[in-house]
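Dumped entry.cif below, it's mmCIF, C-alpha atoms:
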```cif
data_start
loop_
_atom_site.label_atom_id
_atom_site.label_comp_id
_atom_site.auth_asym_id
_atom_site.auth_seq_id
_atom_site.Cartn_x
_atom_site.Cartn_y
_atom_site.Cartn_z
CA MET U 1 -4.72 -8.11 31.59
CA ALA U 2 -7.95 -8.00 33.55
CA ASP U 3 -9.06 -5.01 31.49
CA GLU U 4 -8.67 -7.02 28.28
CA GLN U 5 -10.93 -9.77 29.58
CA THR U 6 -13.69 -7.39 30.66
CA GLU U 7 -13.80 -5.65 27.29
CA ALA U 8 -16.99 -6.63 25.55
CA ALA U 9 -17.27 -7.20 21.85
CA PRO U 10 -19.43 -4.69 20.03
CA ALA U 11 -23.06 -5.75 20.05
CA GLU U 12 -24.55 -6.78 16.74
CA PRO U 13 -27.71 -4.97 15.70
CA GLN U 14 -30.84 -7.01 16.28
CA THR U 15 -33.10 -7.23 13.27
CA GLU U 16 -35.23 -10.13 14.54
CA VAL U 17 -38.87 -9.09 14.71
CA VAL U 18 -40.14 -12.41 16.07
CA HIS U 19 -39.84 -12.91 19.85
CA GLU U 20 -39.92 -16.32 21.48
CA ALA U 21 -41.67 -16.77 24.81
CA ALA U 22 -40.66 -19.21 27.52
CA GLY U 23 -43.21 -21.78 26.33
CA GLY U 24 -41.74 -21.91 22.84
CA ILE U 25 -44.51 -19.95 21.11
CA LYS U 26 -43.22 -17.12 18.93
CA ARG U 27 -45.00 -13.80 18.76
CA ARG U 28 -45.78 -12.75 15.19
CA ASN U 29 -47.84 -9.94 13.73
CA PRO U 30 -50.98 -11.73 12.43
CA PHE U 31 -51.57 -9.28 9.61
CA LEU U 32 -47.97 -9.51 8.42
CA VAL U 33 -48.33 -13.30 8.39
CA PHE U 34 -51.31 -12.86 6.07
CA LEU U 35 -49.55 -10.21 3.96
CA PHE U 36 -46.37 -12.29 3.55
CA THR U 37 -48.52 -15.27 2.57
CA LEU U 38 -50.17 -13.18 -0.16
CA ILE U 39 -46.90 -11.69 -1.40
CA THR U 40 -45.18 -15.09 -1.61
CA LEU U 41 -48.24 -16.75 -3.18
CA GLY U 42 -48.71 -19.08 -0.23
CA ILE U 43 -45.12 -20.17 0.36
CA TYR U 44 -44.82 -18.21 3.63
CA GLY U 45 -48.17 -19.66 4.71
CA ILE U 46 -46.74 -23.18 4.42
CA TYR U 47 -43.63 -22.12 6.37
CA TRP U 48 -45.85 -20.49 9.02
CA LEU U 49 -48.03 -23.61 9.29
CA VAL U 50 -45.00 -25.87 9.80
CA SER U 51 -43.46 -23.45 12.32
CA THR U 52 -46.61 -23.04 14.39
CA THR U 53 -47.26 -26.78 14.26
CA ARG U 54 -43.81 -27.39 15.75
CA GLU U 55 -44.57 -24.81 18.46
CA LEU U 56 -47.87 -26.55 19.21
CA GLN U 57 -46.07 -29.91 19.36
CA ARG U 58 -43.83 -28.55 22.12
CA THR U 59 -46.80 -27.34 24.17
CA THR U 60 -49.68 -29.74 23.42
CA GLN U 61 -50.34 -33.44 22.96
CA SER U 62 -52.70 -33.26 19.96
CA ALA U 63 -50.68 -31.33 17.37
CA PRO U 64 -50.23 -32.99 13.96
CA LYS U 65 -46.84 -33.94 12.56
CA PRO U 66 -45.48 -31.29 10.14
CA TRP U 67 -44.30 -33.93 7.64
CA TRP U 68 -47.96 -34.72 6.90
CA LEU U 69 -47.96 -31.59 4.73
CA TRP U 70 -45.86 -33.47 2.14
CA LEU U 71 -48.80 -35.82 1.69
CA LEU U 72 -50.88 -32.89 0.44
CA LEU U 73 -49.00 -33.19 -2.84
CA ILE U 74 -50.54 -36.61 -3.57
CA PRO U 75 -53.78 -36.26 -5.57
CA LEU U 76 -56.95 -37.23 -3.67
CA VAL U 77 -54.93 -38.35 -0.62
CA GLY U 78 -54.08 -34.69 -0.07
CA TYR U 79 -57.71 -33.77 0.56
CA VAL U 80 -58.10 -36.34 3.32
CA VAL U 81 -54.72 -35.51 4.84
CA GLY U 82 -55.55 -31.79 4.73
CA ILE U 83 -58.82 -32.30 6.57
CA VAL U 84 -57.18 -34.48 9.22
CA TYR U 85 -54.24 -32.05 9.54
CA TYR U 86 -56.46 -29.01 10.03
CA TRP U 87 -58.64 -30.89 12.53
CA LYS U 88 -55.60 -31.95 14.60
CA TYR U 89 -54.17 -28.42 14.37
CA SER U 90 -57.51 -27.01 15.57
CA LYS U 91 -57.60 -29.50 18.46
CA ALA U 92 -54.06 -28.55 19.49
CA LEU U 93 -54.97 -24.86 19.40
CA GLU U 94 -58.04 -25.59 21.53
CA GLU U 95 -55.86 -27.50 24.00
CA LEU U 96 -53.46 -24.56 24.20
CA SER U 97 -55.83 -21.60 24.23
CA GLY U 98 -59.40 -22.82 24.65
CA PHE U 99 -60.48 -21.53 21.23
CA SER U 100 -63.21 -23.77 19.78
CA ALA U 101 -61.71 -26.58 17.70
CA ILE U 102 -64.88 -26.90 15.64
CA GLY U 103 -64.97 -23.16 14.96
CA MET U 104 -61.31 -23.06 13.96
CA PHE U 105 -61.68 -26.16 11.78
CA VAL U 106 -64.64 -24.64 9.91
CA LEU U 107 -62.62 -21.46 9.39
CA TRP U 108 -59.67 -23.46 8.03
CA ILE U 109 -61.96 -25.16 5.52
CA LEU U 110 -64.03 -22.13 4.47
CA LEU U 111 -61.88 -19.04 5.16
CA SER U 112 -58.30 -20.12 5.70
CA PRO U 113 -56.85 -16.55 5.74
CA VAL U 114 -59.17 -15.68 8.63
CA ALA U 115 -58.22 -18.93 10.39
CA MET U 116 -54.53 -18.08 9.96
CA ILE U 117 -54.99 -14.62 11.49
CA LEU U 118 -57.10 -15.91 14.39
CA ALA U 119 -54.72 -18.79 15.07
CA GLN U 120 -51.79 -16.38 15.26
CA ILE U 121 -53.73 -14.05 17.57
CA GLU U 122 -54.45 -17.01 19.87
CA LEU U 123 -50.80 -18.11 19.76
CA ASN U 124 -49.69 -14.56 20.57
CA MET U 125 -51.98 -14.50 23.61
CA HIS U 126 -50.30 -17.64 24.89
CA ALA U 127 -46.84 -16.26 24.08
CA SER U 128 -47.44 -13.19 26.23
CA ALA U 129 -48.62 -15.22 29.23
#
```

Take the structure in the file and give it back as structure tokens.
Amino acid sequence: MADEQTEAAPAEPQTEVVHEAAGGIKRRNPFLVFLFTLITLGIYGIYWLVSTTRELQRTTQSAPKPWWLWLLLIPLVGYVVGIVYYWKYSKALEELSGFSAIGMFVLWILLSPVAMILAQIELNMHASA
């Protein structure tokens, strides 16, 4: 009877590529984030932005609320909300990693793919700490 209780169930294969650190920040390959965003025509980029915003909310005080992204669908209001969202995201990233909020904000506005890659690199550095 004791032998039956100590028998372990067969382990399921792990296919998860993303690893979560103790602080709640997930490690992701920055270039795959960019590639998946291109392949899905931006849909993965929205998912990534919501996911990383939630991670920043758990670790910082200045992260924006992910539901703000719905407001981007409203004409004209979306521009203002987008600017505020990216500024708050940049401030939260600065609070977490020390990366310049102004520099990240400018990258979000002018070169968002580069901002996405750099943001994920910064998040990965915090995840490994």

Got a sec to resolve the PyMOL selection byres ((chain U and resi 98-104) around 9) on this structure and send the residues as number ranges by chain? U: 86-97, 105-109, 115, 118-119, 122

Please write the residues picked by the PyMOL selection byres ((chain U and resi 30-46) around 12) on this file as a ChimeraX atom specification. /U:17-18,26-29,47-53,66-70,72,112-125

Taking the file above as input, evaluate the PyMOL selection byres ((chain U and resi 59) around 9) and report the hits as a CSV table (one decimal) with C-alpha atoms, keeping the file's coordinate frame.
```
chain,number,residue,atom,x,y,z
U,23,GLY,CA,-43.2,-21.8,26.3
U,24,GLY,CA,-41.7,-21.9,22.8
U,25,ILE,CA,-44.5,-20.0,21.1
U,54,ARG,CA,-43.8,-27.4,15.8
U,55,GLU,CA,-44.6,-24.8,18.5
U,56,LEU,CA,-47.9,-26.6,19.2
U,57,GLN,CA,-46.1,-29.9,19.4
U,58,ARG,CA,-43.8,-28.6,22.1
U,60,THR,CA,-49.7,-29.7,23.4
U,61,GLN,CA,-50.3,-33.4,23.0
U,63,ALA,CA,-50.7,-31.3,17.4
U,92,ALA,CA,-54.1,-28.6,19.5
U,96,LEU,CA,-53.5,-24.6,24.2
```
